Structures are given as structure tokens and as C-alpha cells.
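Quick notes on the structure that follows.
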Amino acid sequence: MSDLKIVAQDLYGRSPMRRLMPLWWALGLTALFVVSILGMNLNIARIIEGGDRLVVMLGQMFPPDFSILGRIIGPAIETLYVAILGTFLGVVFSIVIGVLAAHNITPHVTVEIALKGFSAFTRAVPALIWALLFIVAVGLGPLPGILALAVNSIGMLGKVFAESIEEIDKGQIEAVAATGATPLQIISKAIIPSVTPALVSWSLFRLDINIRYSAVLGVVGAGGIGIELVRSTRMLAFDETLTITLLIFVMVWAVEYVNNKIRAFIR
Amino acid sequence: MSEGVLEYTRKNLIRRRRIARLIIFGFTVAVLVSAHGTGFRIRDLYRGIPNIIQFLTEDLLPPRFSVWRRFLGPTMETIAMSYAGTFLSVVFAAPLGFLAARNVSPSPVVMQVARAIAVFMRTIPPIVWALLLVSIVGIGPFAGTIALGLSGAGMLIKSYADSIEDIDAGQIEAVRATGAGTFAVMMKGVVPQFSPSFVSWSLYRFDLNIRSAAVVGLVGAGGLGFSLSTAVRLFRYQEAAVAILWILGLILAIEFVTAKLRGHLI
Amino acid sequence: MSVQPILSVTELKKTFPDGTRALRGVSLDVMPGEFLVMIGSSGAGKSTFLRCINHLFEPTGGRIVYDGTDISTISGANLRRLRRELGMIFQGYNLVKRLSTIENVLLGRLGYMSSISGALGLYSKQDRERAVELLIRVGLGEQRFKRADQLSGGQQQRVGIARAIAQNARLVLADEPIASLDPKASDTVMSYLHEVTREENITCIVNLHQVDYAKRFADRIIGLKDGEITFIGKPEEVTDEVIRDLYGEKGDQVDE
Ligand SMILES: Nc1ncnc2c1ncn2[C@@H]1O[C@H](COP(=O)(O)OP(=O)(O)OP(=O)(O)O)[C@@H](O)[C@H]1O
Ligand SMILES: [Mg+2]
């Protein structure tokens, strides 16, 4: 009955102006969309041509060229390695940062503020831009990619690790302290067990994100499967592009699948 | 249930410990293999970090602020791309979200198809979409817009569907009990409950798109990313620094604005 | 008689940084083996009193002497050595939820181990056997491999008791151990607490809201009001008037 009443109010309780609010919003937002598109200096001819190109491209894509699998499996594996190492380094540094920046156990507020600010900065600059910079700084190869993912991960994980430590039930820490435990024992027996689920599931989530970034690091020249992808589109070898895209899809999906299994186990 | 609590919980504890050890072992091996495979050494870290600091302090800094005006256009372009991309995602994802939600989908087959489309679109990174689209419609922000639209739609279909699945079935039944048709049930039973999460997810996507838009430009899809990669390719690092500051400022500003909007609308 | 009090508190004061004067000068001698129950309305300062004794709160005035030693300003390793002799039982149980029941009992041994071996959880065989024995004594032998968060409230509090006893505590401080439990579980927990501490000759100070339980188990009852002791006496001396004085006019509604 009360549900019906709510619905009835919804129908009759508002003025016509308010009832039409969603419509005004929709009109306004659509107008903004049109303005955005028109403001892009579109090359209309090129876009119309795009229809034909799409058809041609799709035609070339099928059947995908699986013969290149042997050649691209190496870069694909490197992509996986880079994601794993970037995540690993990110997690290790983030644990340190999280412990030092968590409000309830930080050695000093200035440390907390400095580290939280640092995390905010590394988080706000996108991973690929870090990669672009690190290539210049440390040269080509997997290293700049690993560092870029690590730095970008620190931004996110440092913050969430600190927050999960801040959320620990104070009573558990007090109870262990009240047995006469040392600080190290308190960390090991009260803090670590409590934050493990959050820590693991955030780290895995970050691995999900990092494998996606890692797959496209090649776009800025930082190695892995992304380089093959860029090369194939530049050479208009779209049958290869499709194979590589499918491989990226499988990799990303597989990592997500395994992660979900582990996350379900740890609660 | 012949075995007692003690036996059962003991086995359970041992099994969990074993799985935990297996996972730890698995990840340790994965890290070691990765380090071996990429030739990564710990000393790369302490050799790399001075290089990075040197690059940041000597090449990148100080930013050449005098060129800041040059990035005004690309900034607007980035905003336009993000907004238009979000708009496309929302328009595309809203109906599919309903189709992909278990409790309101017309049939399980439709639901599975809608979910599969979503998985496909969001699993492929936006920059890959951008790369393909640049080949189709040419270099420029239009390619970026479509790329953001596609990968955003993938995420939104899933998020919308999950939110719709969480809504209270009682209110839907209440509307249905009045004898309302399917469409009326949607509009009066589902939509009012769904709209806060709809607004929230859409705004969140806009937020993410600003970040992605700044990046898809790296492959030629316009905006600040394009200006940045051009500056780096030309070794004009101090100009690149200004571009990065613009990107940073834009991301933070939009994050602030969407947070305010969210508070205001919900 | 020349028996020394195990705990002697003189003019204990606690003022919180926000200016709240939770204890305004509390003096009390506790004899070895006593089962003491402290009653008083919410905010009277009962928890604060217990927490000052094991320095979860720092007292701001007065003297605390434990077993002949002044512990008013104890800290560092000495504080840890003191704490392992003082078991604490909490209203919210405060078990480490994601550890097994038996490991929660074993946490009581941390104060006796080296920092490292404790952190790594390398408990000795004796300790483990004793933990099992204690769990059996509080009726939870069968539950010892369950994760602590899978136990009911009453069961968790019995683990709390076992953890305190595992410390070889000589004094147990129990802060409203049954405030979150139903009557049946309350009965069980209070009975175990009373029984085990009697058998091991452990001194016990229990904060309670329920006057009937206080009368049933206590050797002596302390009444605390606005940070001061207003009553000390045997259970049979707790008259309706005393209760009305402690809890205000509505003497029967002792639960806030
Ligand atoms: N950490 C704290 N900071 C400031 N004031 C506090 C703090 N802890 C307790 N107090 C105050 O000290 C007074 C006594 O609190 P205490 O917790 O000791 O009361 P209590 O008798 O245990 O009450 P209850 O029966 O509700 O547990 C209260 O006024 C309370 O607000
Ligand atoms: Mg209290």
C-alpha cells in the first residue's frame, strides 16, 4: 500500500515544471553534445569516408591472421611480466607508505600529509604519461613501463592501504596491546590479519588495471604487445590487428578471472 | 554430518592455509619469473631513480609557463571529447543496461548477449579503440570521442545493470499490481529508484573519461595528450611539463566539479 | 591480618584532554583473590577506572600500587611486563576476528615471548596445550579451529576469558563483559568468569550494569558515581536506596 502511495505522489505531487525537469536536462545535455562535436573542427569528408574504410577494414580483419601468434606471444608475455612487476613494486612501496600515512599509526602528521600528497600526485598523472616520461629518463625496454605502472599504482594503493589501516577496529589493537604485546607483535597479530583482505583485494584490482595499461604501453614505445598493435595498424595489416586485439582481450580477461577467484577465497 | 565440528573446522582451517600458501607461492613464482623474463634487477631501481630525478629536475623543470596559452585549445578539445564520449556511452548503455539486468531483462538470452557486449567493449582498453578509430576516421578528436564512447559504454552497461538488479522488488510489484504495462512499470517502478545510481555512475564515467581523454591523444586522437606527445617527440620537455600541469589541473578540477554536482543532484 | 592488597589505588584522577573529569579522586584497596564488582550509571567512569590501571588511558593524578610496586607512571618494557599480568576482558570481546579461536587464546602468551617469535606466531607446545585446555574449560574445546568471527557473542566472550587466563594473569579487569549478551549467555559467561578465576585464585574487578548479577557473584560491590566512589560494601548491603542514589530516581531501570 505505502509503495502505491509513493508512486501516486510521484505522479501528482509535483508541479508540471518539476515533472518535466528530466526533459529539460536531456535537452540541455544533448545541445551540449552537439556543440562539443561541432567544436571539433571535423573533417567531414574524412569521417564520411570512414564508413567505407570501416567496411574495408572489417573485410581485411576477417579472418584474423593467427599465423603471427608465434611472433607476438613473446611481447604478450612481456606485457604480463611488466604488469606483474609494476604491481608488485607498487604494492611493496604502497604498504610502506600506507603504514606511515595512516592517521592512527603515522609517526608524525607531517609524514602523513607529505605521503598523502605524494600519492595524490602520482595518482592524478595517468600511467601512460608516466611511461612517456620514464622512457626519456631511463631509456627503452620494459623498465620504464614497470616504473610507470609502479608509480601510478602507488598513487592509488598508498591511499587505499592507509585508509584500510585507518578503518581497523581499535578494540582489536587495544586487546592485543593489553596482553603485553610489543609493537611488532601488535602489527603482526592485530593489524596485518585485519587488513589482509582489503590489501589483497585492492592489489588484485590494481593488477587488473595494470594489465590493461601494460597492454598499451607500446603505444608510447615502452615495449610489450602494444608495439605490435601499433605496428599492425600503421601497416594496415588489420588481420593481424584483430589477432592482437583478441590476444589482449584474452589476457585481460584471464587475469580478471583468476583475480576474482582469489578474491572470493579471501574474505 | 558424522564428523564433528572439530574435525570439520580443523580440515577447513588446514585447507584454507594450504590454498593461501599456494597463492603466495604462485605470486612469488610469478614475480620471480617476470623479473627474470624482463631482465629486471633491484639495482635498476636505484640506478633508475637518480636518472628519473635528474630528468625531472633538469629537463622537465622549470616548466616554460610562457607557452601556457597554446594548451587552451587542446584543453577545450579534451573536455569536449570527454563530454561527447560520455554522452554517447550513456545513450548507448542506458537501454542495454536494462536489457542486461536480471530482474527486468525480457529474456535470459538477451541478458547474456547484452552482458557479453559489455564485457567485450570494456575489456579492450580505450587506447586500443582509439588506435583502430584513428585508422578509420583519421587523426583528431572525433576518433577519441568514439573510442571513449565505446569503452565507457562497456563499463556503464555493467554498472547500470548491477544497480538495477539491486533495486527493491517490492516497489516494482506495487506498480505492477496496479495493472500497469511493461513500459509503465519501467518508468514508474524502476526508473525512480535507479536514477540516483544512474547519475552517479554517469558522472563517474565523465571523470574517468577526462583521464582517458588526456591519454588517447597519445595515439593521435586529439586533445592535450596529442600536444603532450608532440612536445615530447620534439624534445621540448619544458613545454611538455606545462602540458602535464594542464592535464593535472584539468583532472583535479573536473573531479571537484563532478563531486559537487553529485552532491547537488542526488 | 597482614595480607597486602594486590592493588592499591589512592586519589586516582583522570581528566581527558577535552576537559571531562571522568575520575575525581578514587581510592580503593583490592585484596588478593577478591571478586569485586563495580556498578554505576553510564558515564560514571567505570571503564576509565579499569583502563587507567593497565594504562590504556594515562591517569592524570593519584597513585596506583600493584603488588607493592608503584605503577602510576610505568611505561615501555615495564608496562608490557605489567600488562601480561593484568588480563583484560572487553564489552565488545575484541577478538582478532580473522584469527582462529585457539590463536586468539594464544595471543595471551605474546607478553612472555620474544618480540620476533611472537610476531611469527611460534607458540610453544606447552602454550598450545594449555590454550586447548582453557578452551575446554570454558566449554569451547570443539570450536577451537573456528575463525573467531564465526562464534556467537557469548562464545566470543568465553574466548576473551580464556585469553586473559592464558596470560597467567593475577588480576583480571573485565569491562562490562556481558553488556551485549542475552540473559542466558550472560549467565554462562559470568559463571565461567567466576568459576575459573576462583579456581585459579585470580583477583577480578568486573564492571557491570546489572545489579542482580553483581549481588549474585560479588565478594564486594563498589558504587561509582560521577567519578567518585559513593558506596563500598557487601552484596547484601546494597539496598534499593543505594541503587536509587547510584542510578538516579528510576532505580529499577538500571540499563540507561
Ligand atoms: N577517550 C575519551 N575522551 C574524552 N572523554 C572520554 C573518553 N572516554 C570516556 N570519556 C568520558 O569520561 C566519562 C566516563 O566514561 P566511562 O567510559 O569511564 O564511563 P562508564 O562508567 O564506563 O560508562 P558506561 O557504563 O556507559 O560504559 C564520560 O563522561 C565519558 O564521556
Ligand atoms: Mg564503560
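Letters for chains follow the order of the C-alpha cells (A, B, ...), residue numbers begin at 1 for each chain, and ligand numbers begin at 1 in the order shown.
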Which residues of chain C are close to chain B, meaning at most 9 Å apart when you count only C-alpha atoms, and how do they look as a PyMOL selection string? chain C and resi 100+141-147
Could you write out as number ranges by chain the residues of chain B within 6 Å of chain A, counting only C-alpha atoms? B: 34, 51-52, 55, 80, 84, 124, 136-137, 171, 174
Give the residues close to ligand 1, within 6 Å, counting only C-alpha atoms and all ligand atoms; write them as a ChimeraX atom specification. /C:16,18,20,22,41-48
For the residues in that selection, give me all heavy atoms as a compact mmCIF listing (two decimals), in the first residue's frame.
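And here's result-v7.txt as it stands now:
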```
# COMPACT_ATOMS: atom_id res chain seq x y z
N PHE C 16 40.21 14.11 30.82
CA PHE C 16 40.51 13.94 29.39
C PHE C 16 40.91 15.28 28.79
O PHE C 16 40.56 16.34 29.34
CB PHE C 16 39.31 13.35 28.67
CG PHE C 16 39.13 11.88 28.94
CD1 PHE C 16 38.16 11.44 29.83
CD2 PHE C 16 39.96 10.96 28.33
CE1 PHE C 16 38.01 10.09 30.09
CE2 PHE C 16 39.81 9.61 28.59
CZ PHE C 16 38.84 9.17 29.48
N ASP C 18 39.71 16.91 26.56
CA ASP C 18 38.58 17.81 26.29
C ASP C 18 38.01 18.41 27.57
O ASP C 18 37.01 19.12 27.54
CB ASP C 18 37.49 17.08 25.50
CG ASP C 18 36.88 15.93 26.29
OD1 ASP C 18 37.26 15.74 27.46
OD2 ASP C 18 36.01 15.23 25.74
N THR C 20 36.80 16.71 30.24
CA THR C 20 35.91 15.83 31.01
C THR C 20 36.66 15.26 32.21
O THR C 20 37.72 14.65 32.05
CB THR C 20 35.45 14.64 30.14
OG1 THR C 20 34.98 15.15 28.90
CG2 THR C 20 34.35 13.87 30.84
N ALA C 22 36.64 12.48 34.35
CA ALA C 22 35.99 11.17 34.45
C ALA C 22 36.22 10.54 35.82
O ALA C 22 35.36 9.83 36.33
CB ALA C 22 36.51 10.25 33.35
N SER C 41 26.05 4.27 36.97
CA SER C 41 25.33 4.57 35.74
C SER C 41 26.30 4.88 34.60
O SER C 41 27.49 5.05 34.81
CB SER C 41 24.37 5.73 35.95
OG SER C 41 25.12 6.88 36.21
N SER C 42 25.76 4.96 33.43
CA SER C 42 26.59 5.21 32.25
C SER C 42 27.31 6.54 32.39
O SER C 42 26.71 7.54 32.77
CB SER C 42 25.68 5.23 31.02
OG SER C 42 26.47 5.18 29.88
N GLY C 43 28.60 6.53 32.10
CA GLY C 43 29.38 7.76 32.20
C GLY C 43 29.94 8.00 33.59
O GLY C 43 30.58 9.02 33.83
N ALA C 44 29.72 7.06 34.52
CA ALA C 44 30.19 7.25 35.89
C ALA C 44 31.71 7.19 35.97
O ALA C 44 32.31 7.73 36.90
CB ALA C 44 29.58 6.19 36.80
N GLY C 45 32.34 6.52 34.99
CA GLY C 45 33.80 6.44 34.98
C GLY C 45 34.33 5.03 35.22
O GLY C 45 35.53 4.84 35.46
N LYS C 46 33.47 4.04 35.12
CA LYS C 46 33.88 2.65 35.39
C LYS C 46 34.96 2.19 34.42
O LYS C 46 36.01 1.67 34.81
CB LYS C 46 32.67 1.71 35.28
CG LYS C 46 31.51 2.08 36.19
CD LYS C 46 30.39 1.06 36.13
CE LYS C 46 29.72 0.95 34.77
NZ LYS C 46 28.99 2.16 34.36
N SER C 47 34.70 2.39 33.09
CA SER C 47 35.68 1.95 32.10
C SER C 47 36.99 2.71 32.28
O SER C 47 38.08 2.13 32.20
CB SER C 47 35.17 2.20 30.68
OG SER C 47 33.94 1.55 30.50
N THR C 48 36.86 4.01 32.52
CA THR C 48 38.05 4.83 32.69
C THR C 48 38.91 4.30 33.83
O THR C 48 40.13 4.23 33.72
CB THR C 48 37.64 6.29 32.96
OG1 THR C 48 36.73 6.69 31.92
CG2 THR C 48 38.84 7.20 32.96
```
Just need the residues of chain C within 9 Å of chain A, counting only C-alpha atoms, so spit them out as number ranges by chain. C: 54-56, 77, 79-90, 92-99, 107-121, 163-164, 167
Grab the CA of Leu140 in chain A to CA of Leu218 in chain B distance for me, in Å with one decimal place. 17.1 Å
Could you please determine the separation between CA of Ala130 in chain B and CA of Ala143 in chain B in Å, to one decimal place?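 Straight-line distance from CA of Ala130 in chain B to CA of Ala143 in chain B works out to 6.0 Å.
CA of Tyr83 in chain B is found 28.5 Å from CA of Ser66 in chain B.
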Identify, with DSSP run on backbone atoms, the residues in range 216-247 of chain B assigned to helix (DSSP H, G or I), and express the list as number ranges by chain. B: 216-219, 223-233, 237-247
Restricting the output to C-alpha atoms, write the selected residues as a PDB file, in the first residue's frame.
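Writing the result to part-v7.pdb gives the following:
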```
ATOM      1  CA  VAL B 216      44.095   8.645 -26.054  1.00  0.00           C
ATOM      2  CA  GLY B 217      45.604  11.757 -27.629  1.00  0.00           C
ATOM      3  CA  LEU B 218      48.955   9.997 -27.457  1.00  0.00           C
ATOM      4  CA  VAL B 219      47.936   7.920 -30.485  1.00  0.00           C
ATOM      5  CA  GLY B 223      43.376  16.917 -27.097  1.00  0.00           C
ATOM      6  CA  LEU B 224      46.058  17.509 -24.501  1.00  0.00           C
ATOM      7  CA  GLY B 225      47.526  14.040 -24.948  1.00  0.00           C
ATOM      8  CA  PHE B 226      48.348  14.847 -28.542  1.00  0.00           C
ATOM      9  CA  SER B 227      50.008  18.141 -27.600  1.00  0.00           C
ATOM     10  CA  LEU B 228      51.972  16.375 -24.893  1.00  0.00           C
ATOM     11  CA  SER B 229      53.262  13.599 -27.090  1.00  0.00           C
ATOM     12  CA  THR B 230      54.181  16.121 -29.779  1.00  0.00           C
ATOM     13  CA  ALA B 231      56.157  18.171 -27.268  1.00  0.00           C
ATOM     14  CA  VAL B 232      57.992  15.075 -26.033  1.00  0.00           C
ATOM     15  CA  ARG B 233      58.768  13.888 -29.559  1.00  0.00           C
ATOM     16  CA  TYR B 237      60.391  18.862 -22.256  1.00  0.00           C
ATOM     17  CA  GLN B 238      59.726  22.168 -20.560  1.00  0.00           C
ATOM     18  CA  GLU B 239      56.682  22.610 -22.765  1.00  0.00           C
ATOM     19  CA  ALA B 240      55.687  19.031 -22.013  1.00  0.00           C
ATOM     20  CA  ALA B 241      55.822  19.950 -18.331  1.00  0.00           C
ATOM     21  CA  VAL B 242      53.267  22.692 -18.942  1.00  0.00           C
ATOM     22  CA  ALA B 243      51.035  20.198 -20.762  1.00  0.00           C
ATOM     23  CA  ILE B 244      51.290  17.807 -17.813  1.00  0.00           C
ATOM     24  CA  LEU B 245      50.357  20.582 -15.407  1.00  0.00           C
ATOM     25  CA  TRP B 246      47.340  21.365 -17.580  1.00  0.00           C
ATOM     26  CA  ILE B 247      46.312  17.707 -17.536  1.00  0.00           C
TER      27      ILE B 247
END
```
Close residues, Asn207 in chain C itself excluded, 10 Å, only C-alpha atoms, min 3 positions apart in chain, as a count of residues only: 23
Contact residues around Pro183 in chain C with only C-alpha atoms at 12 Å, ignoring same-chain residues under 6 positions, as an mmCIF file with all heavy atoms, in the first residue's frame:
```cif
data_model
loop_
_atom_site.group_PDB
_atom_site.id
_atom_site.type_symbol
_atom_site.label_atom_id
_atom_site.label_comp_id
_atom_site.auth_asym_id
_atom_site.auth_seq_id
_atom_site.Cartn_x
_atom_site.Cartn_y
_atom_site.Cartn_z
ATOM 1 N N GLY C 154 28.327 -14.807 23.019
ATOM 2 C CA GLY C 154 28.651 -15.444 24.292
ATOM 3 C C GLY C 154 29.906 -16.295 24.187
ATOM 4 O O GLY C 154 30.761 -16.300 25.080
ATOM 5 N N VAL C 189 28.527 -16.765 30.761
ATOM 6 C CA VAL C 189 29.799 -16.053 30.784
ATOM 7 C C VAL C 189 30.188 -15.684 32.208
ATOM 8 O O VAL C 189 31.314 -15.917 32.651
ATOM 9 C CB VAL C 189 29.736 -14.799 29.885
ATOM 10 C CG1 VAL C 189 30.887 -13.856 30.178
ATOM 11 C CG2 VAL C 189 29.751 -15.211 28.419
ATOM 12 N N MET C 190 29.216 -15.131 32.962
ATOM 13 C CA MET C 190 29.544 -14.737 34.332
ATOM 14 C C MET C 190 29.933 -15.954 35.169
ATOM 15 O O MET C 190 30.854 -15.892 35.979
ATOM 16 C CB MET C 190 28.356 -14.017 34.983
ATOM 17 C CG MET C 190 28.233 -12.549 34.625
ATOM 18 S SD MET C 190 29.730 -11.593 34.891
ATOM 19 C CE MET C 190 29.832 -11.575 36.680
ATOM 20 N N GLN C 210 24.257 -4.671 35.518
ATOM 21 C CA GLN C 210 23.161 -5.437 36.097
ATOM 22 C C GLN C 210 23.406 -5.684 37.577
ATOM 23 O O GLN C 210 24.265 -6.470 37.958
ATOM 24 C CB GLN C 210 23.019 -6.784 35.372
ATOM 25 C CG GLN C 210 22.684 -6.666 33.904
ATOM 26 C CD GLN C 210 23.930 -6.630 33.027
ATOM 27 O OE1 GLN C 210 24.995 -6.189 33.476
ATOM 28 N NE2 GLN C 210 23.800 -7.065 31.797
ATOM 29 N N ASP C 212 21.582 -7.278 39.715
ATOM 30 C CA ASP C 212 21.306 -8.641 40.181
ATOM 31 C C ASP C 212 22.523 -9.550 40.013
ATOM 32 O O ASP C 212 22.857 -10.340 40.893
ATOM 33 C CB ASP C 212 20.083 -9.220 39.464
ATOM 34 C CG ASP C 212 20.138 -9.017 37.962
ATOM 35 O OD1 ASP C 212 20.881 -8.118 37.525
ATOM 36 O OD2 ASP C 212 19.459 -9.752 37.226
ATOM 37 N N TYR C 213 23.222 -9.411 38.880
ATOM 38 C CA TYR C 213 24.437 -10.212 38.701
ATOM 39 C C TYR C 213 25.502 -9.807 39.715
ATOM 40 O O TYR C 213 26.214 -10.654 40.263
ATOM 41 C CB TYR C 213 25.000 -10.031 37.286
ATOM 42 C CG TYR C 213 24.283 -10.875 36.259
ATOM 43 C CD1 TYR C 213 23.394 -10.317 35.364
ATOM 44 C CD2 TYR C 213 24.527 -12.242 36.197
ATOM 45 C CE1 TYR C 213 22.731 -11.080 34.431
ATOM 46 C CE2 TYR C 213 23.872 -13.030 35.269
ATOM 47 C CZ TYR C 213 22.980 -12.436 34.377
ATOM 48 O OH TYR C 213 22.348 -13.211 33.467
#
```
